[in-house]
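protein_25.cif (mmCIF, C-alpha atoms)
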data_model
#
loop_
_atom_site.label_atom_id
_atom_site.label_comp_id
_atom_site.auth_asym_id
_atom_site.auth_seq_id
_atom_site.Cartn_x
_atom_site.Cartn_y
_atom_site.Cartn_z
CA MET C 1 259.97 105.44 -46.57
CA PHE C 2 258.10 108.07 -48.63
CA GLY C 3 254.79 107.05 -47.02
CA ALA C 4 256.17 107.57 -43.51
CA ARG C 5 257.56 111.01 -44.49
CA ARG C 6 254.20 112.00 -46.00
CA TYR C 7 252.31 111.13 -42.80
CA ARG C 8 254.96 112.86 -40.70
CA CYS C 9 254.51 116.03 -42.71
CA ALA C 10 250.72 115.68 -42.39
CA THR C 11 251.05 115.41 -38.62
CA ALA C 12 253.26 118.50 -38.50
CA SER C 13 250.64 120.42 -40.55
CA LEU C 14 247.80 119.38 -38.25
CA LEU C 15 249.78 120.34 -35.17
CA ALA C 16 250.54 123.72 -36.69
CA HIS C 17 246.76 124.31 -37.01
CA LEU C 18 246.39 123.12 -33.41
CA ALA C 19 248.95 125.63 -32.19
CA PHE C 20 247.30 128.50 -34.16
CA ALA C 21 243.89 127.50 -32.75
CA ALA C 22 245.24 127.72 -29.21
CA ILE C 23 246.61 131.23 -29.87
CA ALA C 24 243.32 132.32 -31.43
CA ARG C 25 241.48 131.36 -28.24
CA GLY C 26 243.59 133.73 -26.24
CA GLY C 27 246.11 131.27 -24.82
CA ASP C 28 243.56 129.69 -22.46
CA SER C 29 244.04 126.14 -23.84
CA PRO C 30 245.77 123.78 -21.42
CA SER C 31 249.47 123.32 -22.01
CA THR C 32 249.33 119.68 -20.81
CA VAL C 33 247.93 116.70 -22.70
CA ILE C 34 247.68 113.28 -21.02
CA VAL C 35 247.89 110.41 -23.54
CA SER C 36 246.99 106.85 -22.50
CA SER C 37 246.45 103.41 -24.05
CA ASN C 38 245.14 100.05 -22.83
CA VAL C 39 247.45 98.07 -25.15
CA SER C 40 251.24 98.21 -25.54
CA ASP C 41 251.95 96.50 -28.87
CA ALA C 42 254.64 97.76 -31.24
CA ARG C 43 252.34 99.74 -33.55
CA LEU C 44 250.48 101.62 -30.79
CA THR C 45 253.77 102.23 -28.98
CA ARG C 46 255.17 103.89 -32.10
CA ALA C 47 251.97 105.95 -32.51
CA LEU C 48 252.31 107.21 -28.92
CA VAL C 49 255.94 108.09 -29.61
CA LEU C 50 254.97 110.10 -32.71
CA ILE C 51 252.21 111.96 -30.85
CA ARG C 52 254.49 112.75 -27.92
CA GLY C 53 257.37 113.89 -30.10
CA GLU C 54 255.28 116.25 -32.23
CA LEU C 55 253.37 117.80 -29.30
CA SER C 56 256.55 118.21 -27.26
CA ALA C 57 258.21 119.98 -30.17
CA LEU C 58 255.40 122.58 -30.06
CA GLY C 59 255.96 123.23 -26.35
CA ILE C 60 253.02 121.15 -25.10
CA ASP C 61 253.69 119.03 -22.02
CA VAL C 62 252.75 115.39 -22.81
CA GLN C 63 252.31 112.65 -20.23
CA VAL C 64 252.05 109.11 -21.65
CA ARG C 65 250.40 106.40 -19.59
CA VAL C 66 249.92 102.72 -20.53
CA ALA C 67 247.33 100.71 -18.61
CA ASP C 68 248.35 97.41 -17.03
CA THR C 69 245.41 95.53 -18.61
CA ALA C 70 243.38 95.85 -21.77
CA ASP C 71 240.14 95.99 -19.70
CA ALA C 72 241.12 99.15 -17.82
CA PRO C 73 238.18 101.68 -17.82
CA PRO C 74 238.58 104.95 -19.74
CA PHE C 75 239.61 107.97 -17.70
CA ALA C 76 237.08 110.47 -16.38
CA PRO C 77 236.97 114.09 -17.57
CA GLU C 78 238.85 116.74 -15.67
CA THR C 79 239.15 120.50 -15.97
CA THR C 80 242.92 121.07 -15.87
CA SER C 81 244.27 119.05 -18.80
CA ASP C 82 243.24 117.68 -22.16
CA ARG C 83 243.19 113.90 -22.22
CA LEU C 84 243.57 111.53 -25.17
CA SER C 85 243.22 107.74 -25.09
CA LEU C 86 243.94 105.03 -27.67
CA ASP C 87 241.99 101.89 -26.74
CA VAL C 88 241.66 98.65 -28.72
CA LYS C 89 238.25 96.96 -28.64
CA GLU C 90 237.12 94.17 -30.99
CA GLY C 91 239.64 94.99 -33.72
CA VAL C 92 239.00 98.77 -33.63
CA ILE C 93 241.26 101.49 -32.25
CA VAL C 94 238.96 103.93 -30.39
CA VAL C 95 240.37 107.45 -29.97
CA ARG C 96 238.72 109.45 -27.16
CA VAL C 97 239.53 113.09 -26.42
CA PHE C 98 238.35 114.85 -23.25
CA ALA C 99 238.98 118.54 -23.73
CA ALA C 100 239.49 120.38 -20.47
CA GLY C 101 236.11 121.25 -19.00
CA ALA C 102 234.13 119.01 -21.40
CA GLN C 103 231.60 116.57 -19.95
CA ALA C 104 231.65 114.11 -22.87
CA PRO C 105 234.54 112.90 -25.03
CA LEU C 106 235.04 113.41 -28.73
CA VAL C 107 235.32 109.92 -30.28
CA GLU C 108 237.14 108.77 -33.42
CA SER C 109 237.85 105.20 -34.57
CA VAL C 110 240.35 103.42 -36.81
CA ASP C 111 240.01 99.85 -38.11
CA LEU C 112 243.00 98.02 -36.63
CA ASP C 113 243.25 95.64 -39.62
CA GLY C 114 242.38 98.19 -42.29
CA PRO C 115 244.60 98.71 -45.36
CA ASP C 116 247.69 100.86 -44.77
CA VAL C 117 246.80 101.47 -41.11
CA THR C 118 250.28 102.29 -39.81
CA ALA C 119 251.48 104.01 -36.65
CA GLU C 120 251.66 107.29 -38.61
CA VAL C 121 247.99 106.99 -39.67
CA ILE C 122 246.91 106.34 -36.08
CA ALA C 123 248.92 109.34 -34.86
CA VAL C 124 247.36 111.61 -37.52
CA ARG C 125 243.83 110.54 -36.55
CA ALA C 126 244.57 111.12 -32.87
CA VAL C 127 245.95 114.60 -33.53
CA GLU C 128 242.93 115.44 -35.71
CA ALA C 129 240.62 114.43 -32.85
CA LEU C 130 242.60 116.54 -30.34
CA ARG C 131 242.52 119.56 -32.64
CA ALA C 132 238.76 119.17 -33.21
CA ALA C 133 238.11 118.86 -29.48
CA ARG C 134 240.01 122.10 -28.83
CA LEU C 135 238.17 123.99 -31.59
CA LEU C 136 234.64 122.89 -30.63
CA PRO C 137 232.87 124.45 -27.62
CA PRO C 138 232.70 121.98 -24.71
CA GLU C 139 228.88 121.85 -24.73
CA THR C 140 228.76 120.65 -28.36
CA GLN C 141 230.87 117.55 -27.77
CA ARG C 142 228.99 114.24 -27.73
CA ALA C 143 230.22 110.65 -27.57
CA ALA C 144 229.65 108.70 -30.78
CA ALA C 145 229.56 104.93 -31.21
CA PRO C 146 232.85 103.78 -32.70
CA THR C 147 232.67 102.22 -36.16
CA PRO C 148 235.52 100.66 -38.14
CA ALA C 149 237.18 102.99 -40.59
CA LYS C 150 236.42 101.97 -44.19
CA LYS C 151 238.69 104.34 -46.05
CA LYS C 152 242.26 105.39 -45.75
CA PRO C 153 242.41 108.72 -43.86
CA ARG C 154 243.17 111.68 -46.04
CA THR C 155 246.42 113.50 -45.58
CA ALA C 156 246.05 117.09 -44.42
CA HIS C 157 247.58 119.81 -46.59
CA PRO C 158 249.06 123.08 -45.40
CA SER C 159 246.94 126.18 -45.91
CA VAL C 160 247.90 128.84 -48.45
CA GLY C 161 250.78 130.96 -47.27
CA GLN C 162 251.67 128.66 -44.42
CA PRO C 163 255.22 127.22 -44.67
CA LEU C 164 255.56 123.45 -44.34
CA THR C 165 258.28 122.68 -41.82
CA GLU C 166 259.32 119.34 -40.42
CA GLN C 167 259.67 119.34 -36.66
CA PRO C 168 263.02 118.21 -35.25
CA GLN C 169 263.03 114.55 -34.28
CA ALA C 170 265.74 114.79 -31.61
CA ALA C 171 263.16 115.31 -28.87
CA ALA C 172 261.23 112.12 -29.69
CA PRO C 173 262.09 108.98 -27.73
CA SER C 174 263.53 105.97 -29.52
CA THR C 175 260.97 103.72 -31.22
CA THR C 176 260.44 100.00 -30.72
CA PRO C 177 261.18 97.97 -33.90
CA ILE C 178 258.36 95.76 -35.13
CA ALA C 179 259.31 92.07 -35.06
CA PRO C 180 258.63 90.04 -38.18
CA SER C 181 255.82 87.54 -37.75
CA ILE C 182 256.41 83.80 -38.27
CA PRO C 183 254.44 82.29 -41.21
CA MET C 184 252.20 79.32 -40.49
CA LEU C 185 253.84 77.31 -43.32
CA GLN C 186 257.61 77.24 -43.86
CA LEU C 187 259.96 75.39 -46.20
CA ALA C 188 263.43 74.61 -44.80
CA LEU C 189 266.23 73.86 -47.28
CA GLY C 190 269.80 73.24 -46.19
CA ALA C 191 272.94 71.16 -45.88
CA THR C 192 273.81 68.65 -43.13
CA PHE C 193 276.97 67.01 -41.83
CA VAL C 194 276.55 63.69 -39.97
CA GLN C 195 279.34 62.45 -37.71
CA ASN C 196 279.45 58.81 -36.59
CA SER C 197 281.81 57.31 -34.04
CA GLN C 198 284.21 56.38 -36.90
CA GLY C 199 285.06 58.08 -40.16
CA LEU C 200 284.82 61.62 -41.49
CA PRO C 201 281.65 63.79 -41.36
CA GLN C 202 279.21 62.72 -44.09
CA PRO C 203 277.73 65.65 -46.08
CA GLY C 204 274.07 65.59 -47.04
CA ALA C 205 271.09 67.68 -48.14
CA GLN C 206 267.86 68.19 -46.23
CA ALA C 207 264.37 69.53 -47.03
CA ALA C 208 261.48 69.88 -44.59
CA ILE C 209 258.05 71.48 -44.26
CA ARG C 210 257.15 73.15 -40.96
CA ILE C 211 253.51 73.85 -40.11
CA GLY C 212 252.35 75.59 -36.93
CA PRO C 213 251.80 78.84 -35.00
CA HIS C 214 254.50 81.10 -33.53
CA TRP C 215 254.98 78.87 -30.44
CA GLY C 216 255.30 75.42 -32.06
CA PHE C 217 255.26 73.38 -35.26
CA VAL C 218 255.19 69.95 -36.88
CA ALA C 219 258.11 69.18 -39.24
CA VAL C 220 258.04 66.55 -41.99
CA GLY C 221 261.09 66.07 -44.17
CA ALA C 222 263.78 63.98 -45.80
CA GLU C 223 267.57 63.87 -45.78
CA ALA C 224 270.04 62.14 -48.11
CA SER C 225 273.82 61.82 -48.07
CA LEU C 226 275.66 63.44 -50.97
CA ALA C 227 278.77 61.28 -50.66
CA GLY C 228 279.33 57.77 -49.35
CA LEU C 229 281.01 57.22 -46.00
CA SER C 230 284.25 55.34 -46.81
CA PHE C 231 286.20 52.84 -44.73
CA GLU C 232 289.40 51.01 -45.75
CA ARG C 233 291.12 48.00 -44.24
CA PRO C 234 293.77 45.58 -45.55
CA VAL C 235 291.04 43.19 -46.72
CA GLY C 236 289.20 45.80 -48.80
CA SER C 237 287.08 48.94 -48.64
CA ALA C 238 283.39 49.86 -48.26
CA GLN C 239 281.22 52.90 -48.96
CA VAL C 240 277.92 53.51 -47.14
CA SER C 241 275.22 56.03 -48.09
CA ARG C 242 272.21 56.93 -45.98
CA ARG C 243 268.69 58.28 -46.60
CA THR C 244 266.20 59.18 -43.93
CA LEU C 245 262.60 60.35 -43.49
CA PHE C 246 261.57 62.12 -40.28
CA LEU C 247 258.54 63.42 -38.41
CA GLN C 248 259.18 65.82 -35.54
CA LEU C 249 257.26 68.01 -33.08
CA GLY C 250 258.91 71.33 -32.19
CA ALA C 251 258.56 74.30 -29.85
CA ARG C 252 260.00 77.76 -30.52
CA VAL C 253 260.32 81.08 -28.75
CA ARG C 254 261.14 84.58 -30.02
CA LEU C 255 264.00 86.05 -27.98
CA HIS C 256 264.40 89.55 -29.39
CA ARG C 257 262.90 90.98 -32.56
CA ALA C 258 263.97 88.57 -35.34
CA TRP C 259 265.86 85.96 -33.26
CA GLU C 260 264.27 82.58 -32.53
CA LEU C 261 265.28 79.49 -30.55
CA ASN C 262 263.64 76.10 -31.11
CA ALA C 263 263.81 72.49 -29.96
CA ARG C 264 262.25 69.44 -31.60
CA GLY C 265 262.15 65.68 -31.29
CA GLY C 266 260.61 62.83 -33.24
CA VAL C 267 261.02 59.56 -35.10
CA ASN C 268 263.10 58.72 -38.20
CA TYR C 269 263.25 55.94 -40.76
CA LEU C 270 266.82 55.18 -41.92
CA HIS C 271 267.81 53.32 -45.08
CA TYR C 272 271.45 52.35 -45.73
CA SER C 273 273.07 51.18 -48.96
CA ALA C 274 276.56 49.66 -48.79
CA GLY C 275 278.95 48.51 -51.49
CA GLY C 276 282.65 47.74 -51.57
CA THR C 277 285.70 46.16 -53.10
CA ALA C 278 287.61 43.14 -51.73
CA GLU C 279 291.19 42.03 -51.94
CA PRO C 280 291.94 38.56 -53.35
CA GLY C 281 290.66 35.85 -51.06
CA TYR C 282 287.71 37.94 -49.80
CA VAL C 283 284.20 38.60 -51.19
CA ALA C 284 282.51 42.01 -51.42
CA ARG C 285 278.73 42.35 -51.15
CA ASP C 286 276.20 45.09 -51.90
CA LEU C 287 273.84 45.30 -48.95
CA GLU C 288 270.83 47.37 -47.86
CA HIS C 289 269.41 47.86 -44.39
CA GLY C 290 266.45 49.77 -42.91
CA THR C 291 265.59 50.69 -39.32
CA GLY C 292 263.75 53.20 -37.18
CA ALA C 293 265.39 55.81 -34.94
CA LEU C 294 264.74 58.56 -32.40
CA SER C 295 266.08 62.08 -32.96
CA LEU C 296 266.42 65.28 -30.91
CA SER C 297 267.56 68.66 -32.23
CA PHE C 298 268.16 72.21 -31.01
CA GLY C 299 268.60 75.27 -33.17
CA GLY C 300 268.10 78.93 -33.84
CA ALA C 301 266.86 81.14 -36.65
CA TYR C 302 267.18 84.74 -37.75
CA TYR C 303 264.42 86.36 -39.85
CA PHE C 304 265.35 89.12 -42.30
CA LEU C 305 261.71 89.32 -43.46
CA ASP C 306 258.43 87.63 -42.51
CA ALA C 307 258.93 85.10 -45.32
CA PHE C 308 262.72 84.71 -45.31
CA GLY C 309 265.22 83.63 -42.67
CA VAL C 310 268.25 81.46 -42.01
CA TYR C 311 268.68 78.65 -39.48
CA LEU C 312 271.39 76.67 -37.70
CA ASP C 313 270.76 73.29 -36.03
CA VAL C 314 272.61 70.65 -34.02
CA GLY C 315 271.08 67.30 -33.13
CA GLY C 316 271.57 63.66 -32.30
CA LEU C 317 270.09 60.38 -33.52
CA VAL C 318 269.99 56.82 -32.16
CA ALA C 319 269.00 53.91 -34.45
CA PHE C 320 266.92 51.02 -33.09
CA ASP C 321 268.67 48.33 -35.20
CA ALA C 322 272.02 49.90 -36.04
CA ALA C 323 273.71 49.03 -39.33
CA ARG C 324 277.04 47.42 -38.49
CA LEU C 325 279.93 47.45 -40.95
CA ARG C 326 282.36 44.53 -40.87
CA LEU C 327 285.52 44.19 -42.98
CA GLY C 328 287.17 40.79 -42.69
CA ASN C 329 287.16 39.83 -39.05
CA GLU C 330 286.96 43.41 -37.80
CA ASP C 331 283.80 45.25 -36.71
CA VAL C 332 284.51 48.72 -38.09
CA VAL C 333 281.51 50.83 -37.02
CA ALA C 334 277.88 50.70 -35.89
CA LEU C 335 276.23 53.52 -37.84
CA ASP C 336 273.97 55.98 -35.97
CA ARG C 337 274.57 54.38 -32.60
CA PRO C 338 274.61 57.29 -31.94
CA SER C 339 275.41 60.01 -34.51
CA LEU C 340 275.70 63.80 -34.29
CA ALA C 341 274.39 66.10 -37.04
CA PHE C 342 274.97 69.78 -37.86
CA GLY C 343 272.69 71.64 -40.28
CA ALA C 344 272.29 75.12 -41.79
CA GLY C 345 270.06 76.58 -44.48
CA VAL C 346 267.25 78.98 -45.35
CA LEU C 347 263.61 79.26 -44.22
CA LEU C 348 261.01 80.31 -46.80
CA GLY C 349 257.55 81.31 -45.55
CA ALA C 350 254.38 80.64 -47.55
CA PHE C 351 251.73 82.42 -45.41
#
Represent the structure of the file as C-alpha cells.
Amino acid sequence: MFGARRYRCATASLLAHLAFAAIARGGDSPSTVIVSSNVSDARLTRALVLIRGELSALGIDVQVRVADTADAPPFAPETTSDRLSLDVKEGVIVVRVFAAGAQAPLVESVDLDGPDVTAEVIAVRAVEALRAARLLPPETQRAAAPTPAKKKPRTAHPSVGQPLTEQPQAAAPSTTPIAPSIPMLQLALGATFVQNSQGLPQPGAQAAIRIGPHWGFVAVGAEASLAGLSFERPVGSAQVSRRTLFLQLGARVRLHRAWELNARGGVNYLHYSAGGTAEPGYVARDLEHGTGALSLSFGGAYYFLDAFGVYLDVGGLVAFDAARLRLGNEDVVALDRPSLAFGAGVLLGAF
C-alpha cells in the first residue's frame, strides 16, 4: 500500500514538472496526448489508467488506444499531438514518445520481469519519457535500441519550494483487478461424504497432489473413511470401512478473477474391510475385498491468494466388482454400485 502511494506521489511530481515545462515554452505544447499499447494484460491496463488519470487531472486531453494484435506496427509521427506507446517485445516494455513535430521517437524500456516492476513503475517511466520529449528540441531526439532495465527506477522528488499535492482520483476510470495465478503444484486437503444406495453418508478424509498448468492437471491421491458404514438386521449387524487410491486427469477454466471451475475423471482402487456381530444361530465373519473403479467429478475453487484457496467437489464412482453385503438371507447393499461423493477443503500452492 505504501509502495503504491509513493509511486503515485512520484507520478504527480513528474506531471507537475511537465505542466511547468509546457508553460515555460509559451503554451505551445499540444494539449492532446494519444496513448496506445499492443497488449491488454492487467498490469499494462492499470498503467494506462494511471497515466490517463494523472494527465486528465492536469487538463491534458488523453486518448487511449489498444491494438487488436501484439504485432501491430508503431504509429507514425504527426504534428498535432504528442503520442506515447507501451509495446511489449521479448519480455521488455518499450516506451516510445513522438513529440509533436518530431521525426524520431524518444525511446525508454522497462524489463517486464524485473524486480518490483509494477503498474505504477511503468506509469512513472512513461511520464518521464513524455516530459523529456517535451523538454528536448525535436531535432535532438533519436531512437535508441531498447535494453532491459537492470535497476529499479528512482522515485522523483519535488523541487525545493514546490508543494507536493496528490491529484484527485475521481477522474480516473476504474482499474481491472489482477487475478491470482494458479501454482503448478498444489496440495488438496479436505473432508468427503460418500453416499451409497443404502445407509447414511459415510464421512472420510482426502489428500491429493495436483500437478499441471492453468488449463489442466493430473491428480494423485488417497481417501479413507473415518467411520464405518453400519447396517443392522434381526440376524446381526455389520460395519464396513473403505479406503481408496485414485489417479485422475482434470481440466480447469478461470471464470472471473479468482473463481475456477474444473472437471476430472480417472481410475480408483477400492479396498473394503467388513466386520460384524451375529445373533445366536448365525456366524459373523471379518472380510476384506478389493476392486477397481471409474470416477468422475466436477467442482469449483476460489483463490484468496496465489498459494491458498478453497474448493468444493461433487462426483460419482462405479466399482467394477462391487462389494456386496449380506446379512442372513438378505442382500443389504452393493457398495459403490454406484456411489455419490461430496468434498470440500483447502488448496495449498507450492510454486
Requested in this report: Using the chain letters and residue numbers of this document, give as a PyMOL selection string the residues selected by the PyMOL selection byres ((chain C and resi 263-279) around 6).
Outcome: chain C and resi 235-251+262+280+282-284+286-298
Query raised in the report: Which is closest to Gly212 in chain C among C:Ala350, C:Val333, C:Ala119, C:Ala129, if we use only C-alpha atoms?
Result: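 Nearest to Gly212 in chain C: C:Ala350.
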Report task. To verify the selection step, state as a list in words which residues the PyMOL selection byres ((chain C and resi 43-51) around 6) yields on this input. Result ->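 Matching residues under the PyMOL selection byres ((chain C and resi 43-51) around 6) are Ser40, Asp41, Ala42, Arg52, Gly53, Glu54, Ala119, Ala123 and Thr175 of chain C.
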Go ahead and write the selection's residues with C-alpha atoms as a PDB file, keeping the file's coordinate frame.
ATOM      1  CA  SER C  40     251.240  98.210 -25.540  1.00  0.00           C
ATOM      2  CA  ASP C  41     251.950  96.500 -28.870  1.00  0.00           C
ATOM      3  CA  ALA C  42     254.640  97.760 -31.240  1.00  0.00           C
ATOM      4  CA  ARG C  52     254.490 112.750 -27.920  1.00  0.00           C
ATOM      5  CA  GLY C  53     257.370 113.890 -30.100  1.00  0.00           C
ATOM      6  CA  GLU C  54     255.280 116.250 -32.230  1.00  0.00           C
ATOM      7  CA  ALA C 119     251.480 104.010 -36.650  1.00  0.00           C
ATOM      8  CA  ALA C 123     248.920 109.340 -34.860  1.00  0.00           C
ATOM      9  CA  THR C 175     260.970 103.720 -31.220  1.00  0.00           C
TER      10      THR C 175
END
Excluding Arg210 in chain C and residues on its chain fewer than 6 positions from it, collect all residues at most 8 Å away from it, counting all atoms listed in the file, and give them as a PDB file with C-alpha atoms, keeping the file's coordinate frame.
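What landed in selection_21.pdb:
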ATOM      1  CA  MET C 184     252.200  79.320 -40.490  1.00  0.00           C
ATOM      2  CA  LEU C 185     253.840  77.310 -43.320  1.00  0.00           C
ATOM      3  CA  GLN C 186     257.610  77.240 -43.860  1.00  0.00           C
ATOM      4  CA  LEU C 187     259.960  75.390 -46.200  1.00  0.00           C
ATOM      5  CA  ALA C 188     263.430  74.610 -44.800  1.00  0.00           C
ATOM      6  CA  PHE C 217     255.260  73.380 -35.260  1.00  0.00           C
ATOM      7  CA  VAL C 218     255.190  69.950 -36.880  1.00  0.00           C
ATOM      8  CA  ALA C 219     258.110  69.180 -39.240  1.00  0.00           C
ATOM      9  CA  VAL C 220     258.040  66.550 -41.990  1.00  0.00           C
TER      10      VAL C 220
END
**Report entry** Computed interatomic separation between CA of Pro213 in chain C and CA of Asp306 in chain C (Å)
**Finding:**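 CA of Asp306 in chain C lies 13.3 Å from CA of Pro213 in chain C.
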Query raised in the report: To one decimal place, how far is CA of Val92 in chain C from CA of Val33 in chain C in Å?
Result: 22.8 Å
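Using all atoms listed in the file, the contacts of Tyr302 in chain C at a cut-off of 7 Å, with sequence neighbours closer than 2 positions omitted, comprise Ala258, Trp259, Glu260, Phe304, Gly309, Val310 and Tyr311 of chain C.
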Query raised in the report: Mind pulling up the distance from CA of Val94 in chain C to CA of Ile122 in chain C?
Result: 10.1 Å
Query raised in the report: When distances are computed from all atoms listed in the file, which of C:Pro338, C:Gly345, C:Gly216, C:Gly204 shows the smallest separation from Ala323 in chain C?
Result: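 Distance minimum relative to Ala323 in chain C lands on C:Pro338.
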Query - Proximity to Ala307 in chain C - best of C:Ala207, C:Leu226, C:Ile182, C:Leu327, all atoms listed in the file - result: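 Of the candidates, the smallest distance to Ala307 in chain C is held by C:Ile182.
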Filled-in N, CA and C atoms of range 325-346 of chain C, supplied as a tab-separated table (two decimals), in the coordinates of the input:
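Done, and the output landed in out.tsv:
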chain	number	residue	atom	x	y	z
C	325	LEU	N	279.02	47.70	-39.84
C	325	LEU	CA	279.93	47.45	-40.95
C	325	LEU	C	281.09	46.56	-40.48
C	326	ARG	N	281.30	45.48	-41.23
C	326	ARG	CA	282.36	44.53	-40.87
C	326	ARG	C	283.24	44.28	-42.09
C	327	LEU	N	284.54	44.45	-41.93
C	327	LEU	CA	285.52	44.19	-42.98
C	327	LEU	C	286.45	43.09	-42.49
C	328	GLY	N	286.39	41.93	-43.17
C	328	GLY	CA	287.17	40.79	-42.69
C	328	GLY	C	286.66	40.32	-41.35
C	329	ASN	N	287.54	40.23	-40.40
C	329	ASN	CA	287.16	39.83	-39.05
C	329	ASN	C	287.01	41.01	-38.09
C	330	GLU	N	286.99	42.20	-38.65
C	330	GLU	CA	286.96	43.41	-37.80
C	330	GLU	C	285.62	44.11	-37.90
C	331	ASP	N	284.99	44.39	-36.76
C	331	ASP	CA	283.80	45.25	-36.71
C	331	ASP	C	284.27	46.70	-36.77
C	332	VAL	N	283.97	47.37	-37.87
C	332	VAL	CA	284.51	48.72	-38.09
C	332	VAL	C	283.68	49.78	-37.38
C	333	VAL	N	282.35	49.77	-37.59
C	333	VAL	CA	281.51	50.83	-37.02
C	333	VAL	C	280.07	50.36	-36.95
C	334	ALA	N	279.33	50.85	-35.97
C	334	ALA	CA	277.88	50.70	-35.89
C	334	ALA	C	277.29	52.08	-36.21
C	335	LEU	N	276.70	52.22	-37.37
C	335	LEU	CA	276.23	53.52	-37.84
C	335	LEU	C	275.03	54.01	-37.02
C	336	ASP	N	275.05	55.32	-36.70
C	336	ASP	CA	273.97	55.98	-35.97
C	336	ASP	C	273.68	55.31	-34.63
C	337	ARG	N	274.75	54.93	-33.94
C	337	ARG	CA	274.57	54.38	-32.60
C	337	ARG	C	275.61	54.98	-31.65
C	338	PRO	N	275.48	56.29	-31.30
C	338	PRO	CA	274.61	57.29	-31.94
C	338	PRO	C	275.38	58.06	-33.00
C	339	SER	N	274.74	59.10	-33.59
C	339	SER	CA	275.41	60.01	-34.51
C	339	SER	C	275.04	61.44	-34.14
C	340	LEU	N	275.90	62.38	-34.55
C	340	LEU	CA	275.70	63.80	-34.29
C	340	LEU	C	275.59	64.52	-35.62
C	341	ALA	N	274.62	65.41	-35.77
C	341	ALA	CA	274.39	66.10	-37.04
C	341	ALA	C	274.40	67.61	-36.84
C	342	PHE	N	274.99	68.32	-37.80
C	342	PHE	CA	274.97	69.78	-37.86
C	342	PHE	C	274.27	70.18	-39.16
C	343	GLY	N	273.42	71.20	-39.09
C	343	GLY	CA	272.69	71.64	-40.28
C	343	GLY	C	272.57	73.15	-40.34
C	344	ALA	N	272.48	73.68	-41.56
C	344	ALA	CA	272.29	75.12	-41.79
C	344	ALA	C	271.58	75.29	-43.11
C	345	GLY	N	270.79	76.36	-43.23
C	345	GLY	CA	270.06	76.58	-44.48
C	345	GLY	C	269.16	77.79	-44.38
C	346	VAL	N	268.15	77.83	-45.25
C	346	VAL	CA	267.25	78.98	-45.35
C	346	VAL	C	265.82	78.53	-45.00
